[in-house]
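Asks: Compact mmCIF, C-alpha atoms, saved as final33.txt, coming up:
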# COMPACT_ATOMS: atom_id res chain seq x y z
CA GLU A 133 35.42 -13.65 -46.65
CA PRO A 134 38.09 -13.37 -49.36
CA GLU A 135 41.59 -14.14 -48.18
CA VAL A 136 45.21 -14.15 -49.26
CA THR A 137 46.53 -17.68 -49.78
CA GLN A 138 50.18 -18.73 -49.76
CA THR A 139 51.93 -21.89 -50.84
CA PRO A 140 53.77 -23.86 -49.71
CA SER A 141 53.18 -23.53 -45.98
CA HIS A 142 56.68 -24.84 -45.30
CA GLN A 143 59.68 -24.96 -47.63
CA VAL A 144 62.99 -26.57 -46.79
CA THR A 145 65.85 -25.76 -49.16
CA GLN A 146 69.59 -26.27 -49.30
CA MET A 147 71.73 -23.14 -49.05
CA GLY A 148 72.54 -21.75 -52.48
CA GLN A 149 69.39 -23.10 -54.10
CA GLU A 150 66.70 -20.98 -55.66
CA VAL A 151 63.29 -20.86 -54.04
CA ILE A 152 59.96 -19.46 -55.23
CA LEU A 153 57.24 -18.57 -52.79
CA ARG A 154 53.74 -18.22 -54.16
CA CYS A 155 50.79 -16.05 -53.21
CA VAL A 156 47.28 -15.54 -54.49
CA PRO A 157 46.15 -12.07 -53.36
CA ILE A 158 42.53 -11.08 -52.82
CA SER A 159 41.01 -10.95 -56.29
CA ASN A 160 40.07 -7.26 -56.64
CA HIS A 161 43.15 -5.94 -54.88
CA LEU A 162 45.74 -3.98 -56.84
CA TYR A 163 48.65 -3.61 -54.40
CA PHE A 164 50.75 -6.55 -53.34
CA TYR A 165 53.44 -6.91 -50.70
CA TRP A 166 55.98 -9.26 -49.24
CA TYR A 167 57.11 -9.13 -45.61
CA ARG A 168 59.28 -11.44 -43.62
CA GLN A 169 59.56 -12.30 -39.96
CA ILE A 170 62.71 -13.89 -38.62
CA LEU A 171 62.00 -16.01 -35.56
CA GLY A 172 61.63 -13.80 -32.50
CA GLN A 173 61.93 -10.56 -34.45
CA LYS A 174 59.58 -7.94 -35.86
CA VAL A 175 57.71 -8.28 -39.13
CA GLU A 176 59.81 -6.47 -41.76
CA PHE A 177 58.74 -4.98 -45.09
CA LEU A 178 60.45 -6.35 -48.19
CA VAL A 179 58.70 -4.99 -51.26
CA SER A 180 55.48 -3.56 -52.66
CA PHE A 181 54.19 -4.08 -56.18
CA TYR A 182 51.65 -2.17 -58.22
CA ASN A 183 50.77 -2.01 -61.89
CA ASN A 184 53.30 -4.72 -62.74
CA GLU A 185 56.25 -3.01 -61.19
CA ILE A 186 57.97 -2.57 -57.85
CA SER A 187 56.76 0.60 -56.12
CA GLU A 188 58.90 0.38 -52.97
CA LYS A 189 61.55 -1.92 -51.60
CA SER A 190 63.55 -2.12 -48.41
CA GLU A 191 67.29 -2.58 -47.92
CA ILE A 192 66.64 -6.28 -47.33
CA PHE A 193 65.31 -6.69 -50.86
CA ASP A 194 68.67 -6.93 -52.64
CA ASP A 195 69.62 -8.42 -56.01
CA GLN A 196 68.99 -11.93 -54.74
CA PHE A 197 65.26 -11.18 -54.49
CA SER A 198 62.74 -10.65 -57.25
CA VAL A 199 58.98 -10.50 -57.54
CA GLU A 200 56.67 -11.30 -60.39
CA ARG A 201 53.00 -11.40 -61.23
CA PRO A 202 53.15 -14.08 -63.92
CA ASP A 203 49.40 -14.16 -64.54
CA GLY A 204 46.24 -12.49 -63.32
CA SER A 205 46.16 -14.23 -59.98
CA ASN A 206 49.60 -15.25 -58.68
CA PHE A 207 52.26 -13.08 -57.08
CA THR A 208 55.63 -14.70 -56.48
CA LEU A 209 58.79 -13.99 -54.50
CA LYS A 210 61.97 -15.58 -55.79
CA ILE A 211 65.21 -15.85 -53.84
CA ARG A 212 67.96 -16.70 -56.30
CA SER A 213 70.69 -18.17 -54.12
CA THR A 214 69.44 -18.73 -50.61
CA LYS A 215 71.54 -18.06 -47.53
CA LEU A 216 71.12 -19.38 -44.00
CA GLU A 217 69.93 -15.95 -42.87
CA ASP A 218 67.01 -16.11 -45.32
CA SER A 219 65.33 -18.57 -42.96
CA ALA A 220 62.13 -16.83 -41.83
CA MET A 221 58.36 -16.68 -42.21
CA TYR A 222 57.48 -14.88 -45.43
CA PHE A 223 54.11 -13.17 -45.54
CA CYS A 224 52.29 -11.96 -48.61
CA ALA A 225 49.72 -9.17 -48.28
CA SER A 226 47.41 -7.25 -50.57
CA SER A 227 45.37 -4.08 -50.40
CA GLY A 228 42.66 -2.49 -52.50
CA GLN A 229 42.40 0.56 -54.66
CA GLY A 230 43.54 3.97 -53.50
CA ALA A 231 46.56 2.53 -51.77
CA LEU A 232 47.14 5.13 -49.10
CA ASN A 233 45.54 4.07 -45.83
CA GLN A 234 44.01 0.96 -47.34
CA PRO A 235 44.37 -1.91 -44.87
CA GLN A 236 46.71 -4.70 -45.86
CA HIS A 237 45.42 -8.25 -45.56
CA PHE A 238 47.94 -10.97 -44.89
CA GLY A 239 48.24 -14.61 -45.81
CA ASP A 240 49.26 -17.28 -43.32
CA GLY A 241 52.84 -17.25 -44.53
CA THR A 242 55.44 -19.67 -45.82
CA ARG A 243 58.00 -20.91 -43.35
CA LEU A 244 61.32 -21.03 -45.22
CA SER A 245 64.05 -23.13 -43.68
CA ILE A 246 67.51 -22.98 -45.26
CA LEU A 247 69.84 -25.86 -44.41
CA THR B 262 63.70 5.06 -40.66
CA GLN B 263 60.39 5.02 -38.83
CA LEU B 264 60.23 2.97 -35.64
CA LEU B 265 57.25 1.79 -33.62
CA GLU B 266 57.72 0.79 -30.01
CA GLN B 267 55.07 -1.39 -28.46
CA SER B 268 54.56 -1.87 -24.75
CA PRO B 269 54.29 -3.96 -22.79
CA GLN B 270 55.97 -6.86 -24.57
CA PHE B 271 54.20 -9.40 -22.37
CA LEU B 272 51.05 -9.15 -20.33
CA SER B 273 49.46 -11.84 -18.19
CA ILE B 274 46.15 -10.98 -16.55
CA GLN B 275 43.09 -12.62 -15.05
CA GLU B 276 39.81 -12.93 -16.89
CA GLY B 277 37.67 -9.85 -16.34
CA GLU B 278 40.54 -7.38 -15.98
CA ASN B 279 41.09 -4.40 -18.27
CA LEU B 280 44.33 -3.72 -20.12
CA THR B 281 45.92 -1.20 -22.45
CA VAL B 282 48.61 -1.78 -25.06
CA TYR B 283 50.62 1.17 -26.33
CA CYS B 284 52.28 1.86 -29.63
CA ASN B 285 54.60 4.87 -29.79
CA SER B 286 56.80 6.56 -32.34
CA SER B 287 58.62 9.83 -32.91
CA SER B 288 57.39 9.71 -36.51
CA VAL B 289 54.04 10.71 -37.97
CA PHE B 290 52.02 8.00 -39.68
CA SER B 291 49.24 8.49 -42.20
CA SER B 292 47.42 5.52 -40.68
CA LEU B 293 47.93 2.85 -38.11
CA GLN B 294 46.68 -0.70 -38.27
CA TRP B 295 46.22 -3.16 -35.42
CA TYR B 296 46.55 -6.87 -36.06
CA ARG B 297 46.23 -10.03 -34.04
CA GLN B 298 48.46 -12.98 -34.86
CA GLU B 299 47.99 -16.57 -33.75
CA PRO B 300 50.87 -19.08 -33.80
CA GLY B 301 51.50 -20.41 -37.31
CA GLU B 302 49.19 -17.87 -38.94
CA GLY B 303 49.50 -14.47 -40.55
CA PRO B 304 48.47 -11.20 -38.92
CA VAL B 305 44.70 -10.69 -39.01
CA LEU B 306 43.53 -7.09 -39.33
CA LEU B 307 41.50 -5.75 -36.43
CA VAL B 308 41.18 -2.06 -37.29
CA THR B 309 42.70 0.83 -39.21
CA VAL B 310 42.81 4.33 -37.70
CA VAL B 311 43.46 7.28 -39.97
CA THR B 312 42.49 10.58 -38.37
CA GLY B 313 44.37 12.12 -35.44
CA GLY B 314 42.32 11.62 -32.28
CA GLU B 315 40.17 8.95 -33.90
CA VAL B 316 38.59 6.33 -31.64
CA LYS B 317 37.22 3.06 -32.97
CA LYS B 318 35.44 0.35 -31.04
CA LEU B 319 35.26 -3.33 -31.85
CA LYS B 320 33.11 -4.96 -29.17
CA ARG B 321 35.29 -4.88 -26.02
CA LEU B 322 38.30 -3.45 -27.89
CA THR B 323 38.82 0.31 -28.14
CA PHE B 324 41.48 1.72 -30.45
CA GLN B 325 42.71 5.29 -30.35
CA PHE B 326 45.01 7.21 -32.68
CA GLY B 327 46.95 10.04 -31.06
CA ASP B 328 46.18 13.61 -32.01
CA ALA B 329 49.59 14.00 -33.64
CA ARG B 330 49.31 10.59 -35.36
CA LYS B 331 52.49 9.40 -33.67
CA ASP B 332 50.99 6.96 -31.21
CA SER B 333 48.08 4.63 -30.69
CA SER B 334 46.55 2.51 -27.97
CA LEU B 335 44.43 -0.61 -27.74
CA HIS B 336 42.26 -0.98 -24.67
CA ILE B 337 40.49 -4.24 -23.87
CA THR B 338 37.68 -4.20 -21.36
CA ALA B 339 36.85 -7.28 -19.29
CA ALA B 340 39.40 -9.48 -21.00
CA GLN B 341 38.47 -13.08 -21.78
CA PRO B 342 40.68 -16.13 -22.38
CA GLY B 343 39.73 -15.89 -26.06
CA ASP B 344 41.60 -12.58 -26.22
CA THR B 345 44.88 -14.43 -25.65
CA GLY B 346 47.27 -13.84 -28.54
CA LEU B 347 49.89 -11.58 -30.07
CA TYR B 348 48.76 -8.02 -30.84
CA LEU B 349 50.71 -6.02 -33.41
CA CYS B 350 50.53 -2.39 -34.39
CA ALA B 351 51.75 -1.31 -37.81
CA GLY B 352 52.09 2.22 -39.17
CA ALA B 353 51.93 3.42 -42.75
CA PRO B 354 54.07 6.43 -43.72
CA ASN B 355 52.75 9.62 -45.25
CA ALA B 356 54.05 8.55 -48.62
CA GLY B 357 54.02 4.93 -49.70
CA ASN B 358 52.56 1.77 -48.28
CA MET B 359 55.34 -0.03 -46.49
CA LEU B 360 54.11 -0.91 -43.02
CA THR B 361 56.42 -0.53 -40.05
CA PHE B 362 55.53 -3.06 -37.39
CA GLY B 363 55.90 -2.83 -33.66
CA GLY B 364 57.45 -5.69 -31.77
CA GLY B 365 54.11 -7.00 -30.57
CA THR B 366 52.42 -7.52 -27.23
CA ARG B 367 51.87 -11.10 -26.18
CA LEU B 368 48.72 -11.22 -24.07
CA MET B 369 47.66 -14.13 -21.91
CA VAL B 370 44.29 -14.03 -20.19
CA LYS B 371 43.92 -16.67 -17.49
CA PRO B 372 40.49 -18.04 -16.60
As structure tokens - that is how I would like this structure written.
Replies:
Amino acid sequence: EPEVTQTPSHQVTQMGQEVILRCVPISNHLYFYWYRQILGQKVEFLVSFYNNEISEKSEIFDDQFSVERPDGSNFTLKIRSTKLEDSAMYFCASSGQGALNQPQHFGDGTRLSIL
Amino acid sequence: TQLLEQSPQFLSIQEGENLTVYCNSSSVFSSLQWYRQEPGEGPVLLVTVVTGGEVKKLKRLTFQFGDARKDSSLHITAAQPGDTGLYLCAGAPNAGNMLTFGGGTRLMVKP
């Protein structure tokens, strides 16, 4: 069964450094998402991406965050200058055509630890 | 801001018992998805419910979407130790795709 893959599984970074989290969505999916889950808290929406542009973003997704689809397969989340509070699990998800009510399929996440 | 409240947060039962997990909101959702998450992994989709009043069955799991599309339930019949895990509900708004997640129900089924 096709799946969403994320790399790396664990990233440790010094505060203030830039970090790029990578995702390969399911190949025929058109909608891509990033969520995060701080330890012990709910999964929170960050951003959705369709047709090479951001379609929705939450308050969390400020100027320090950016997303890109640099080629036909990868979808990346960049955090420009990491803060301690950025430590969390970051999940990538994708969904198929006709976005409304299409189920979102999640990767196994990248655990980001900011020191 | 749409909120989803899940209950109970924790549930510990014996093998063979039945259980129900609830997901409630004051907001209307266009669809609601149920996921199961294992430690160190991402949420794995179990089912999507779309129509008010819809009932879907997945073996011993029964999912229901409320008539007003504001709430949902997951019922497990004759629970088994393999059902142990974290169950998450997530609602999609009427416009857009951002999922709002509930806080999760951590289920433990003891043999």
Asks: CA of Asp332 (chain B) to CA of Tyr296 (chain B): how many Å, to one decimal?
Replies: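 Computed distance, CA of Asp332 (chain B) to CA of Tyr296 (chain B), equals 15.3 Å.
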Asks: Pull out every residue of chain B that has at least one atom within 9 Å of chain A, counting all atoms listed in the file, and report them as a PyMOL selection string.
Replies: chain B and resi 291-294+301-306+308-311+353-365
Asks: Export, as a PDB file, keeping the file's coordinate frame, the selected residues with C-alpha atoms.
Replies:
ATOM      1  CA  SER B 291      49.240   8.490 -42.200  1.00  0.00           C
ATOM      2  CA  SER B 292      47.420   5.520 -40.680  1.00  0.00           C
ATOM      3  CA  LEU B 293      47.930   2.850 -38.110  1.00  0.00           C
ATOM      4  CA  GLN B 294      46.680  -0.700 -38.270  1.00  0.00           C
ATOM      5  CA  GLY B 301      51.500 -20.410 -37.310  1.00  0.00           C
ATOM      6  CA  GLU B 302      49.190 -17.870 -38.940  1.00  0.00           C
ATOM      7  CA  GLY B 303      49.500 -14.470 -40.550  1.00  0.00           C
ATOM      8  CA  PRO B 304      48.470 -11.200 -38.920  1.00  0.00           C
ATOM      9  CA  VAL B 305      44.700 -10.690 -39.010  1.00  0.00           C
ATOM     10  CA  LEU B 306      43.530  -7.090 -39.330  1.00  0.00           C
ATOM     11  CA  VAL B 308      41.180  -2.060 -37.290  1.00  0.00           C
ATOM     12  CA  THR B 309      42.700   0.830 -39.210  1.00  0.00           C
ATOM     13  CA  VAL B 310      42.810   4.330 -37.700  1.00  0.00           C
ATOM     14  CA  VAL B 311      43.460   7.280 -39.970  1.00  0.00           C
ATOM     15  CA  ALA B 353      51.930   3.420 -42.750  1.00  0.00           C
ATOM     16  CA  PRO B 354      54.070   6.430 -43.720  1.00  0.00           C
ATOM     17  CA  ASN B 355      52.750   9.620 -45.250  1.00  0.00           C
ATOM     18  CA  ALA B 356      54.050   8.550 -48.620  1.00  0.00           C
ATOM     19  CA  GLY B 357      54.020   4.930 -49.700  1.00  0.00           C
ATOM     20  CA  ASN B 358      52.560   1.770 -48.280  1.00  0.00           C
ATOM     21  CA  MET B 359      55.340  -0.030 -46.490  1.00  0.00           C
ATOM     22  CA  LEU B 360      54.110  -0.910 -43.020  1.00  0.00           C
ATOM     23  CA  THR B 361      56.420  -0.530 -40.050  1.00  0.00           C
ATOM     24  CA  PHE B 362      55.530  -3.060 -37.390  1.00  0.00           C
ATOM     25  CA  GLY B 363      55.900  -2.830 -33.660  1.00  0.00           C
ATOM     26  CA  GLY B 364      57.450  -5.690 -31.770  1.00  0.00           C
ATOM     27  CA  GLY B 365      54.110  -7.000 -30.570  1.00  0.00           C
TER      28      GLY B 365
END
Asks: Which value, in Å to one decimal, gives the distance between CA of Val156 (chain A) and CA of Asn183 (chain A)?
Replies: 15.8 Å
Asks: Put a box with edges along x, y and z around all the listed atoms of region 307-314 of chain B, pad it by 8 Å on each side, then give me its centre and sizes in Å, one decimal, as AutoDock Vina command-line options.
Replies:
--center_x 42.8 --center_y 3.2 --center_z -36.1 --size_x 19.2 --size_y 33.9 --size_z 23.7
Asks: With only C-alpha atoms as the counted atoms, please give the residues lying no more than 6 Å from Arg367 (chain B), apart from itself and same-chain residues fewer than 3 positions off, as a list in words.
Replies: Phe271, Gly346 and Leu347 of chain B
Asks: When you count only C-alpha atoms, which of these residues is closest to Leu244 (chain A): A:Ser226, A:Ser198, A:Thr137, A:Gln143?
Replies: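 So, comparing all the options, the nearest one is A:Gln143.
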Asks: I'd like to know which of B:His336, B:Asp328, B:Ser273, B:Gly314 is closest to Leu368 (chain B), using all atoms listed in the file.
Replies: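 Using all atoms listed in the file, the shortest distance to Leu368 (chain B) belongs to B:Ser273.
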Asks: Can you measure CA of Leu322 (chain B) to CA of Ser287 (chain B) for me? One decimal in Å is fine.
Replies: 24.8 Å
Asks: Please list as a list of chain:residue names every residue within 7 Å of Thr139 (chain A), counting only C-alpha atoms and excluding residues in the same chain fewer than 4 positions away.
Replies: A:Leu153, A:Arg154, A:Cys155, A:Thr242
